[in-house]
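Enquirer: Below is the file final.tsv, which contains TSV, C-alpha atoms and all ligand atoms.
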chain	number	residue	atom	x	y	z
A	1	MET	CA	107.21	24.07	41.48
A	2	SER	CA	108.28	22.87	44.89
A	3	GLU	CA	105.55	22.95	47.52
A	4	MET	CA	105.43	23.06	51.29
A	5	LEU	CA	106.97	19.77	52.40
A	6	ALA	CA	109.59	19.88	49.70
A	7	MET	CA	110.52	23.41	50.72
A	8	VAL	CA	110.85	22.72	54.40
A	9	ASN	CA	112.03	19.13	54.65
A	10	LYS	CA	114.46	18.66	51.81
A	11	SER	CA	117.97	19.89	52.10
A	12	ASP	CA	118.31	20.24	48.30
A	13	THR	CA	117.77	23.44	46.32
A	14	SER	CA	113.97	23.29	46.61
A	15	GLY	CA	114.36	24.45	50.22
A	16	VAL	CA	116.01	27.68	49.10
A	17	LEU	CA	114.10	30.84	48.31
A	18	GLY	CA	115.82	33.22	45.91
A	19	ILE	CA	115.25	36.96	46.26
A	20	LEU	CA	116.06	39.57	43.64
A	21	GLY	CA	117.27	42.66	45.47
A	22	GLY	CA	119.33	43.03	48.63
A	23	GLY	CA	117.66	45.87	50.52
A	24	GLN	CA	115.77	45.93	53.80
A	25	LEU	CA	112.69	44.27	52.31
A	26	ALA	CA	114.77	41.28	51.17
A	27	ARG	CA	116.47	41.28	54.58
A	28	MET	CA	113.13	41.05	56.42
A	29	ILE	CA	111.79	38.39	53.99
A	30	THR	CA	114.96	36.40	54.71
A	31	GLN	CA	114.54	36.75	58.48
A	32	ALA	CA	110.92	35.56	58.21
A	33	ALA	CA	111.84	32.63	55.95
A	34	SER	CA	114.36	31.44	58.51
A	35	ASP	CA	111.49	30.93	61.00
A	36	TYR	CA	110.20	28.27	58.61
A	37	GLY	CA	113.59	26.65	58.11
A	38	ILE	CA	113.88	28.16	54.64
A	39	ARG	CA	117.23	29.54	53.53
A	40	CYS	CA	117.38	32.58	51.25
A	41	HIS	CA	119.81	33.40	48.48
A	42	ILE	CA	120.06	36.98	47.31
A	43	LEU	CA	120.90	38.34	43.86
A	44	THR	CA	121.94	41.98	43.94
A	45	PRO	CA	124.47	44.23	42.22
A	46	GLU	CA	125.26	45.79	45.60
A	47	ARG	CA	128.14	44.62	47.81
A	48	ASP	CA	127.50	44.41	51.56
A	49	SER	CA	123.74	44.80	51.06
A	50	PRO	CA	121.37	44.75	54.09
A	51	ALA	CA	119.99	41.34	53.02
A	52	SER	CA	123.44	39.83	52.52
A	53	HIS	CA	124.08	40.15	56.28
A	54	VAL	CA	121.37	37.58	57.03
A	55	ALA	CA	121.14	35.49	53.83
A	56	ALA	CA	122.69	32.04	53.40
A	57	ARG	CA	124.30	33.17	50.13
A	58	THR	CA	124.57	36.34	48.07
A	59	VAL	CA	125.35	36.43	44.38
A	60	VAL	CA	126.70	39.89	43.60
A	61	GLY	CA	126.02	40.65	39.95
A	62	ALA	CA	123.94	42.70	37.56
A	63	TYR	CA	120.36	41.50	37.07
A	64	GLU	CA	121.09	41.16	33.34
A	65	ASP	CA	124.29	39.14	33.87
A	66	GLU	CA	123.61	35.62	32.46
A	67	THR	CA	126.45	34.08	34.47
A	68	ALA	CA	125.08	35.50	37.72
A	69	LEU	CA	121.53	34.40	36.80
A	70	THR	CA	122.67	30.87	35.99
A	71	SER	CA	124.64	30.55	39.22
A	72	PHE	CA	121.73	31.93	41.26
A	73	ALA	CA	119.03	29.85	39.52
A	74	SER	CA	120.94	26.58	39.98
A	75	GLU	CA	120.50	26.76	43.75
A	76	VAL	CA	116.97	28.03	44.38
A	77	GLY	CA	113.52	26.42	44.26
A	78	VAL	CA	111.47	29.63	44.01
A	79	VAL	CA	112.44	33.19	43.04
A	80	THR	CA	110.70	36.30	44.33
A	81	TYR	CA	111.65	39.98	44.31
A	82	GLU	CA	111.72	42.96	46.66
A	83	PHE	CA	111.37	45.69	44.03
A	84	GLU	CA	109.25	46.29	40.94
A	85	ASN	CA	111.95	47.39	38.52
A	86	VAL	CA	113.24	43.89	37.83
A	87	PRO	CA	114.32	43.99	34.15
A	88	ALA	CA	111.83	42.12	31.92
A	89	PRO	CA	114.42	39.66	30.50
A	90	THR	CA	115.47	38.74	34.06
A	91	ALA	CA	111.87	38.07	35.07
A	92	ARG	CA	111.40	35.99	31.89
A	93	TYR	CA	114.55	33.99	32.66
A	94	PHE	CA	113.05	32.74	35.93
A	95	GLU	CA	109.48	32.55	34.66
A	96	ASN	CA	110.60	30.28	31.79
A	97	ARG	CA	111.93	27.93	34.46
A	98	GLY	CA	108.57	28.03	36.27
A	99	ILE	CA	109.99	29.46	39.49
A	100	LEU	CA	109.06	33.18	39.51
A	101	ARG	CA	106.49	34.28	42.11
A	102	PRO	CA	104.72	36.70	41.73
A	103	GLY	CA	104.76	36.46	37.93
A	104	SER	CA	106.11	38.82	35.29
A	105	ARG	CA	102.71	40.32	34.40
A	106	ALA	CA	102.54	42.05	37.79
A	107	LEU	CA	105.97	43.53	37.07
A	108	ALA	CA	105.14	44.64	33.52
A	109	ILE	CA	102.01	46.46	34.69
A	110	THR	CA	103.46	48.08	37.78
A	111	GLN	CA	106.64	49.23	36.04
A	112	ASP	CA	104.65	51.51	33.78
A	113	ARG	CA	102.27	54.11	35.23
A	114	LEU	CA	100.21	54.23	32.04
A	115	LEU	CA	99.72	50.43	31.83
A	116	GLU	CA	98.98	50.43	35.58
A	117	LYS	CA	96.30	53.12	35.33
A	118	ASP	CA	94.78	51.45	32.24
A	119	PHE	CA	94.73	48.12	34.08
A	120	LEU	CA	93.11	49.61	37.20
A	121	THR	CA	90.49	51.39	35.08
A	122	SER	CA	89.79	48.23	33.06
A	123	ILE	CA	88.93	46.31	36.24
A	124	GLY	CA	86.60	49.06	37.42
A	125	LEU	CA	88.71	50.76	40.09
A	126	ALA	CA	88.75	54.54	40.49
A	127	VAL	CA	92.04	56.36	39.84
A	128	ALA	CA	93.05	60.02	39.49
A	129	PRO	CA	92.15	61.44	36.07
A	130	TYR	CA	95.14	60.88	33.76
A	131	ARG	CA	96.31	61.38	30.19
A	132	ARG	CA	99.10	59.83	28.17
A	133	VAL	CA	101.96	62.24	27.38
A	134	ASP	CA	104.60	61.47	24.73
A	135	THR	CA	105.30	64.96	23.43
A	136	VAL	CA	105.09	68.50	24.70
A	137	SER	CA	101.98	69.06	22.58
A	138	ASP	CA	100.35	66.01	24.26
A	139	LEU	CA	101.20	67.67	27.55
A	140	LYS	CA	99.63	70.98	26.54
A	141	ALA	CA	96.46	69.18	25.40
A	142	ALA	CA	96.38	67.10	28.61
A	143	ALA	CA	96.80	70.22	30.77
A	144	LEU	CA	93.93	71.89	28.95
A	145	ASP	CA	91.80	68.80	29.38
A	146	LEU	CA	92.51	68.08	33.07
A	147	GLY	CA	93.17	71.65	34.18
A	148	LEU	CA	96.09	72.90	36.27
A	149	PRO	CA	97.60	72.30	38.74
A	150	ALA	CA	98.36	68.72	37.74
A	151	ILE	CA	101.27	66.31	38.22
A	152	LEU	CA	103.52	65.14	35.41
A	153	LYS	CA	104.95	61.68	36.12
A	154	THR	CA	107.38	59.61	34.08
A	155	ARG	CA	105.81	56.31	33.05
A	156	ARG	CA	108.78	54.34	34.35
A	157	PHE	CA	111.28	54.41	37.24
A	158	GLY	CA	109.47	56.82	39.54
A	159	TYR	CA	109.46	56.25	43.31
A	160	ASP	CA	109.32	58.31	46.52
A	161	GLY	CA	108.32	61.38	44.50
A	162	LYS	CA	111.19	61.00	42.00
A	163	GLY	CA	110.31	61.32	38.32
A	164	GLN	CA	107.40	63.64	38.97
A	165	ILE	CA	106.78	67.36	38.92
A	166	ARG	CA	103.80	69.51	39.77
A	167	ILE	CA	102.75	71.92	37.03
A	168	THR	CA	100.80	74.93	38.18
A	169	SER	CA	100.73	77.21	35.12
A	170	VAL	CA	100.88	77.01	31.32
A	171	GLU	CA	104.36	78.61	31.37
A	172	GLU	CA	105.69	75.65	33.35
A	173	ILE	CA	104.60	73.03	30.81
A	174	ALA	CA	107.59	72.98	28.44
A	175	PRO	CA	110.24	73.35	31.21
A	176	ALA	CA	108.55	70.58	33.23
A	177	PHE	CA	108.60	68.18	30.29
A	178	SER	CA	112.25	68.91	29.57
A	179	SER	CA	113.25	68.66	33.25
A	180	LEU	CA	111.90	65.08	33.31
A	181	GLY	CA	114.00	64.32	30.22
A	182	GLU	CA	111.16	64.39	27.65
A	183	VAL	CA	110.50	60.72	28.34
A	184	PRO	CA	107.08	59.01	28.02
A	185	ALA	CA	104.91	60.25	30.88
A	186	ILE	CA	101.39	60.73	32.14
A	187	LEU	CA	99.69	63.85	33.42
A	188	GLU	CA	97.56	63.28	36.51
A	189	GLY	CA	94.90	65.52	37.97
A	190	ILE	CA	95.44	66.47	41.61
A	191	VAL	CA	93.38	64.40	44.02
A	192	PRO	CA	92.27	66.54	46.99
A	193	PHE	CA	92.67	63.58	49.30
A	194	ALA	CA	91.96	63.66	53.02
A	195	MET	CA	94.30	60.79	53.67
A	196	GLU	CA	96.79	58.46	52.04
A	197	ALA	CA	96.33	54.82	52.92
A	198	SER	CA	97.43	51.39	51.80
A	199	VAL	CA	96.09	47.89	51.82
A	200	ILE	CA	98.31	44.85	51.94
A	201	ALA	CA	96.98	41.55	50.69
A	202	ALA	CA	98.42	38.09	50.15
A	203	ARG	CA	97.19	35.62	47.57
A	204	ALA	CA	98.17	31.96	47.51
A	205	SER	CA	98.48	29.82	44.38
A	206	ASP	CA	95.04	28.26	45.05
A	207	GLY	CA	93.47	31.74	45.05
A	208	GLU	CA	93.06	32.01	48.84
A	209	THR	CA	93.46	35.69	49.73
A	210	SER	CA	94.05	37.31	53.10
A	211	ILE	CA	94.12	41.02	53.77
A	212	PHE	CA	95.62	43.08	56.59
A	213	ASP	CA	93.81	46.01	58.17
A	214	ILE	CA	94.06	49.24	56.19
A	215	CYS	CA	97.00	51.48	57.12
A	216	GLU	CA	96.98	55.27	57.20
A	217	ASN	CA	100.20	56.75	55.82
A	218	GLU	CA	101.86	60.10	56.39
A	219	HIS	CA	104.64	61.17	54.04
A	220	THR	CA	107.39	63.76	54.56
A	221	ASN	CA	109.29	64.94	51.47
A	222	HIS	CA	107.47	62.24	49.47
A	223	ILE	CA	108.92	59.49	51.68
A	224	LEU	CA	106.78	57.44	54.05
A	225	ASP	CA	107.25	58.79	57.55
A	226	VAL	CA	104.56	57.26	59.77
A	227	THR	CA	102.00	54.48	59.33
A	228	ARG	CA	99.05	54.15	61.72
A	229	VAL	CA	96.71	51.20	62.01
A	230	PRO	CA	93.77	51.07	62.06
A	231	ALA	CA	93.27	53.87	59.53
A	232	GLY	CA	90.72	56.50	60.52
A	233	ILE	CA	88.30	55.62	57.72
A	234	SER	CA	84.73	54.37	57.64
A	235	ALA	CA	83.87	50.68	57.58
A	236	SER	CA	82.56	51.07	54.05
A	237	ALA	CA	85.76	52.73	52.76
A	238	SER	CA	87.75	50.00	54.48
A	239	LEU	CA	85.65	47.38	52.70
A	240	ASP	CA	86.10	49.16	49.35
A	241	ALA	CA	89.86	49.22	49.91
A	242	LYS	CA	89.98	45.52	50.75
A	243	ASN	CA	87.80	44.68	47.75
A	244	ALA	CA	90.14	46.71	45.52
A	245	ALA	CA	93.16	44.72	46.74
A	246	ARG	CA	91.31	41.42	46.34
A	247	LEU	CA	90.33	42.34	42.78
A	248	VAL	CA	93.85	43.46	41.82
A	249	ALA	CA	95.32	40.22	43.21
A	250	SER	CA	92.81	37.97	41.48
A	251	GLU	CA	92.95	39.79	38.12
A	252	LEU	CA	96.75	39.48	38.12
A	253	GLU	CA	96.51	35.81	39.22
A	254	TYR	CA	98.97	37.01	41.79
A	255	ILE	CA	100.99	34.84	44.16
A	256	GLY	CA	102.58	36.61	47.13
A	257	VAL	CA	102.05	39.87	48.98
A	258	VAL	CA	100.76	42.83	46.99
A	259	THR	CA	100.29	46.39	48.22
A	260	VAL	CA	97.71	48.80	46.87
A	261	GLU	CA	98.37	52.46	47.67
A	262	LEU	CA	95.25	54.56	48.05
A	263	PHE	CA	93.95	58.10	48.21
A	264	ILE	CA	90.90	58.57	50.45
A	265	GLU	CA	88.68	61.50	49.49
A	266	LYS	CA	86.16	62.76	52.02
A	267	ASP	CA	83.13	65.01	51.65
A	268	GLU	CA	79.58	65.33	53.03
A	269	ALA	CA	78.53	62.31	50.95
A	270	GLY	CA	81.17	60.12	52.60
A	271	GLU	CA	84.52	58.67	51.66
A	272	ARG	CA	85.76	57.59	48.27
A	273	VAL	CA	88.68	55.25	47.64
A	274	LEU	CA	90.99	55.87	44.67
A	275	VAL	CA	93.92	53.67	43.78
A	276	ASN	CA	97.22	55.55	43.46
A	277	GLU	CA	99.51	52.66	42.58
A	278	ILE	CA	100.25	48.98	43.04
A	279	ALA	CA	103.48	47.65	44.55
A	280	PRO	CA	103.98	43.98	43.62
A	281	ARG	CA	105.81	43.25	46.85
A	282	VAL	CA	105.94	43.66	50.59
A	283	HIS	CA	105.80	47.34	51.50
A	284	ASN	CA	107.17	49.85	53.98
A	285	SER	CA	103.62	50.58	55.18
A	286	GLY	CA	103.35	46.90	56.18
A	287	HIS	CA	106.31	46.84	58.58
A	288	TRP	CA	103.87	47.24	61.48
A	289	THR	CA	102.70	43.66	60.89
A	290	ILE	CA	105.97	42.25	62.30
A	291	GLU	CA	104.83	42.92	65.86
A	292	GLY	CA	101.32	44.23	65.19
A	293	ALA	CA	99.71	41.25	63.45
A	294	ALA	CA	99.49	37.53	64.10
A	295	THR	CA	101.43	36.93	60.87
A	296	SER	CA	103.81	39.53	59.43
A	297	GLN	CA	103.67	40.60	55.78
A	298	PHE	CA	107.10	38.97	55.36
A	299	HIS	CA	105.99	35.62	56.77
A	300	GLN	CA	102.83	35.86	54.69
A	301	HIS	CA	104.84	36.50	51.53
A	302	VAL	CA	107.12	33.52	52.22
A	303	ARG	CA	104.08	31.35	52.89
A	304	ALA	CA	102.39	32.41	49.65
A	305	VAL	CA	105.39	32.06	47.33
A	306	CYS	CA	106.55	28.78	48.91
A	307	GLY	CA	103.16	27.13	48.75
A	308	LEU	CA	102.58	27.14	52.53
A	309	PRO	CA	99.15	27.94	54.01
A	310	LEU	CA	98.52	31.66	54.67
A	311	GLY	CA	98.48	32.87	58.28
A	312	SER	CA	96.04	34.95	60.31
A	313	THR	CA	96.16	38.73	59.76
A	314	THR	CA	94.56	39.55	63.12
A	315	ARG	CA	95.81	42.86	64.51
A	316	ARG	CA	97.28	42.99	68.02
A	317	GLY	CA	96.38	46.54	69.02
A	318	VAL	CA	96.62	50.14	67.90
A	319	ILE	CA	99.86	50.50	66.04
A	320	GLU	CA	102.24	53.20	64.90
A	321	MET	CA	105.27	52.53	62.71
A	322	LYS	CA	107.82	55.32	62.28
A	323	ASN	CA	110.60	55.21	59.72
A	324	LEU	CA	114.10	56.17	60.79
A	325	ILE	CA	115.28	58.23	57.85
A	326	GLY	CA	118.82	59.56	57.47
A	327	GLU	CA	119.95	61.25	60.68
A	328	ASP	CA	116.86	59.99	62.60
A	329	VAL	CA	118.87	56.88	63.26
A	330	HIS	CA	121.10	58.74	65.70
A	331	ASP	CA	118.14	58.63	68.09
A	332	TRP	CA	118.66	54.91	68.28
A	333	ARG	CA	119.89	54.65	71.88
A	334	ARG	CA	116.94	56.66	73.19
A	335	ILE	CA	114.50	54.51	71.22
A	336	LEU	CA	116.06	51.32	72.58
A	337	ALA	CA	115.45	52.57	76.10
A	338	GLU	CA	111.75	53.29	75.46
A	339	ALA	CA	109.31	50.66	76.78
A	340	GLY	CA	106.82	49.09	74.36
A	341	THR	CA	108.77	49.86	71.20
A	342	TYR	CA	110.12	47.42	68.66
A	343	PRO	CA	113.13	48.91	66.90
A	344	HIS	CA	114.65	47.56	63.66
A	345	LEU	CA	117.87	48.67	62.01
A	346	TYR	CA	118.73	47.56	58.49
A	347	GLY	CA	122.52	47.37	58.84
A	348	LYS	CA	123.26	50.35	56.58
A	349	VAL	CA	126.46	52.13	57.46
A	350	GLN	CA	125.95	55.60	55.99
A	351	ALA	CA	122.98	57.70	57.14
A	352	ARG	CA	122.46	59.73	53.95
A	353	PRO	CA	119.52	62.18	53.77
A	354	GLY	CA	116.35	60.38	52.65
A	355	ARG	CA	117.87	56.93	53.23
A	356	LYS	CA	115.68	54.45	55.10
A	357	MET	CA	117.95	53.28	57.94
A	358	GLY	CA	115.41	51.44	60.07
A	359	HIS	CA	111.97	51.70	61.65
A	360	VAL	CA	110.32	51.57	65.04
A	361	THR	CA	106.93	50.08	65.82
A	362	ARG	CA	104.83	50.91	68.85
A	363	VAL	CA	101.96	48.60	69.73
A	364	ILE	CA	99.28	49.69	72.18
A	365	PRO	CA	97.22	46.64	73.09
A	366	GLU	CA	93.46	47.27	72.80
A	367	ALA	CA	91.44	46.80	75.97
B	401	LIG	P1	103.57	58.39	43.64
B	401	LIG	O1	105.01	58.22	43.34
B	401	LIG	O2	102.71	58.40	42.42
B	401	LIG	O3	103.08	57.45	44.70
B	401	LIG	O4	103.43	59.85	44.29
B	401	LIG	C1	104.13	60.22	45.47
B	401	LIG	C2	103.25	61.10	46.34
B	401	LIG	O5	102.86	62.28	45.61
B	401	LIG	C3	101.95	60.44	46.77
B	401	LIG	O6	102.15	59.63	47.90
B	401	LIG	C4	101.09	61.68	47.04
B	401	LIG	O7	101.42	62.26	48.28
B	401	LIG	C5	101.52	62.65	45.95
B	401	LIG	N1	100.66	62.46	44.76
B	401	LIG	C6	100.91	61.66	43.71
B	401	LIG	N2	99.92	61.72	42.80
B	401	LIG	C7	99.01	62.59	43.27
B	401	LIG	C8	97.75	63.09	42.78
B	401	LIG	N3	97.26	62.71	41.60
B	401	LIG	N4	97.10	63.98	43.55
B	401	LIG	C9	97.60	64.40	44.74
B	401	LIG	N5	98.78	63.98	45.24
B	401	LIG	C10	99.48	63.09	44.54
Take the structure in this file and express it as structure tokens.
Ligand code: AMP
Expert:
Amino acid sequence: MSEMLAMVNKSDTSGVLGILGGGQLARMITQAASDYGIRCHILTPERDSPASHVAARTVVGAYEDETALTSFASEVGVVTYEFENVPAPTARYFENRGILRPGSRALAITQDRLLEKDFLTSIGLAVAPYRRVDTVSDLKAAALDLGLPAILKTRRFGYDGKGQIRITSVEEIAPAFSSLGEVPAILEGIVPFAMEASVIAARASDGETSIFDICENEHTNHILDVTRVPAGISASASLDAKNAARLVASELEYIGVVTVELFIEKDEAGERVLVNEIAPRVHNSGHWTIEGAATSQFHQHVRAVCGLPLGSTTRRGVIEMKNLIGEDVHDWRRILAEAGTYPHLYGKVQARPGRKMGHVTRVIPEA
């Protein structure tokens, strides 16, 4: 595996970081890598992807296409990814060559909600109550066990609220299972959370781990809308959240940036941190770090996967990051004119509903 000096000083392939996926996350990893003199190559099935606008090279091909994989692998020193649904054979292809960071175990666990919940439970972290569902009779038994309302989620390929359905009565059980395609699923009890939050950590190959301040997240239509930092949680909940991220990263022998999404429950006794899910990648709720922290999550990820020392995660003020979703982007000119804002557009042409077109960060320096 190529390390720091090889990455930065050589002009051969060890100085090239490969990224699977061509979306805005890959675009921002590429922009960060360029600050360290590292070129990025992208592998994506999409033509004219946001990352391709800034990358040194883009291979357009299916992730399962051996010819595309061979062409891509011949020119990169390290391969990372911007999304968790990398097909297992693709991950193995790069892992067998010793160049995949983070590794394939993080992908296998986070691609499957059941494996993910089992993993989190096995390392002692609290999660929502859940049951495995393979058949409609499993679902009936699970609903009886956990009580309704509850949320039925497909084990695989769910994101931004897709692949899940809330069941509120016994009559809805069979239709809910069939509307999700009768695929393997889990049933989750509803968590009466006071807040959704996330914690973003980076772990280097020597085990050094650094963690950003906890972010408070507000969703609209299941899509992240606003992130605020610092989160309005107690010091002890913040410590629990950071410890959870540290534990996840070390148990997975993780290299790179990992995000742990959280539910914060509050009552008279205090706050309780539950893990919702793990994203084995940089995350939308970490975009604030570009201007709001001494090192951004994207720089930190590049540092970790390329064997460079991790940077400081010190926060630069009170921060709000707002996503520009769909038509929000038409506010762009007004946002540009606003003082103290840091706007980012991802180079997407069509503003479809629900599509993440860009984001804006506001940093209020602390006195
Ligand atoms: P997920 O795809 O699992 O992250 O779920 C998307 C969103 O649905 C979360 O961000 C929550 O707002 C909500 N949600 C998911 N699971 C639960 C749960 N067990 N209890 C309450 N809300 C949930």
Enquirer: For A:Ser296, which residue among A:Thr227, A:Gln31, A:Asn85, A:Asn221 is the nearest when counting only C-alpha atoms?
Expert: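 Using only C-alpha atoms, A:Ser296 sits closest to A:Gln31.
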Enquirer: If the limit is 7 Å from any atom of ligand LIG 401 (chain B), counting only C-alpha atoms and all ligand atoms, which residues qualify? Return them as a PyMOL selection string.
Expert: chain A and resi 128+151+158-162+188-193+196+219+222+276-277
Enquirer: Would you mind reading off the distance between atom CA of A:Ile319 and atom CA of A:Val229, one decimal, in Å?
Expert: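 Straight-line distance from atom CA of A:Ile319 to atom CA of A:Val229 works out to 5.2 Å.
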Enquirer: Separation of atom CA of A:Gly23 and atom CA of A:Val282, in Å?
Expert: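 That distance, rounded to one decimal, is 11.9 Å.
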Enquirer: Counting only C-alpha atoms, find the residues whose atoms lie at most 12 Å from (117.3, 40.6, 56.1) (file coordinates) and write them out as JSON, numbers by chain.
Expert: {"A": [19, 21, 22, 23, 24, 25, 26, 27, 28, 29, 30, 31, 32, 33, 34, 39, 40, 41, 42, 48, 49, 50, 51, 52, 53, 54, 55, 56, 57, 58, 82, 298, 344, 345, 346, 347, 348, 358]}
Enquirer: I'd like to know which of A:Leu114, A:Glu95, A:Ala106, A:Pro184 is closest to A:Leu139, using only C-alpha atoms.
Expert: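 Result for the nearest residue to A:Leu139: A:Pro184.
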Enquirer: Tell me, as a short mmCIF file (atom, residue, chain, number, x, y, z; two decimals) with C-alpha atoms, in the coordinates of the input, which residues lie within 12 Å of A:Ala88, counting only C-alpha atoms; anything in the same chain fewer than 6 positions away does not count.
Expert:
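selection-v5.cif was written with the following content:
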data_model
loop_
_atom_site.label_atom_id
_atom_site.label_comp_id
_atom_site.auth_asym_id
_atom_site.auth_seq_id
_atom_site.Cartn_x
_atom_site.Cartn_y
_atom_site.Cartn_z
CA TYR A 63 120.36 41.50 37.07
CA GLU A 64 121.09 41.16 33.34
CA PHE A 94 113.05 32.74 35.93
CA GLU A 95 109.48 32.55 34.66
CA ASN A 96 110.60 30.28 31.79
CA GLY A 103 104.76 36.46 37.93
CA SER A 104 106.11 38.82 35.29
CA ARG A 105 102.71 40.32 34.40
CA ALA A 106 102.54 42.05 37.79
CA LEU A 107 105.97 43.53 37.07
CA ALA A 108 105.14 44.64 33.52
CA ILE A 109 102.01 46.46 34.69
CA THR A 110 103.46 48.08 37.78
CA GLN A 111 106.64 49.23 36.04
CA ASP A 112 104.65 51.51 33.78
#
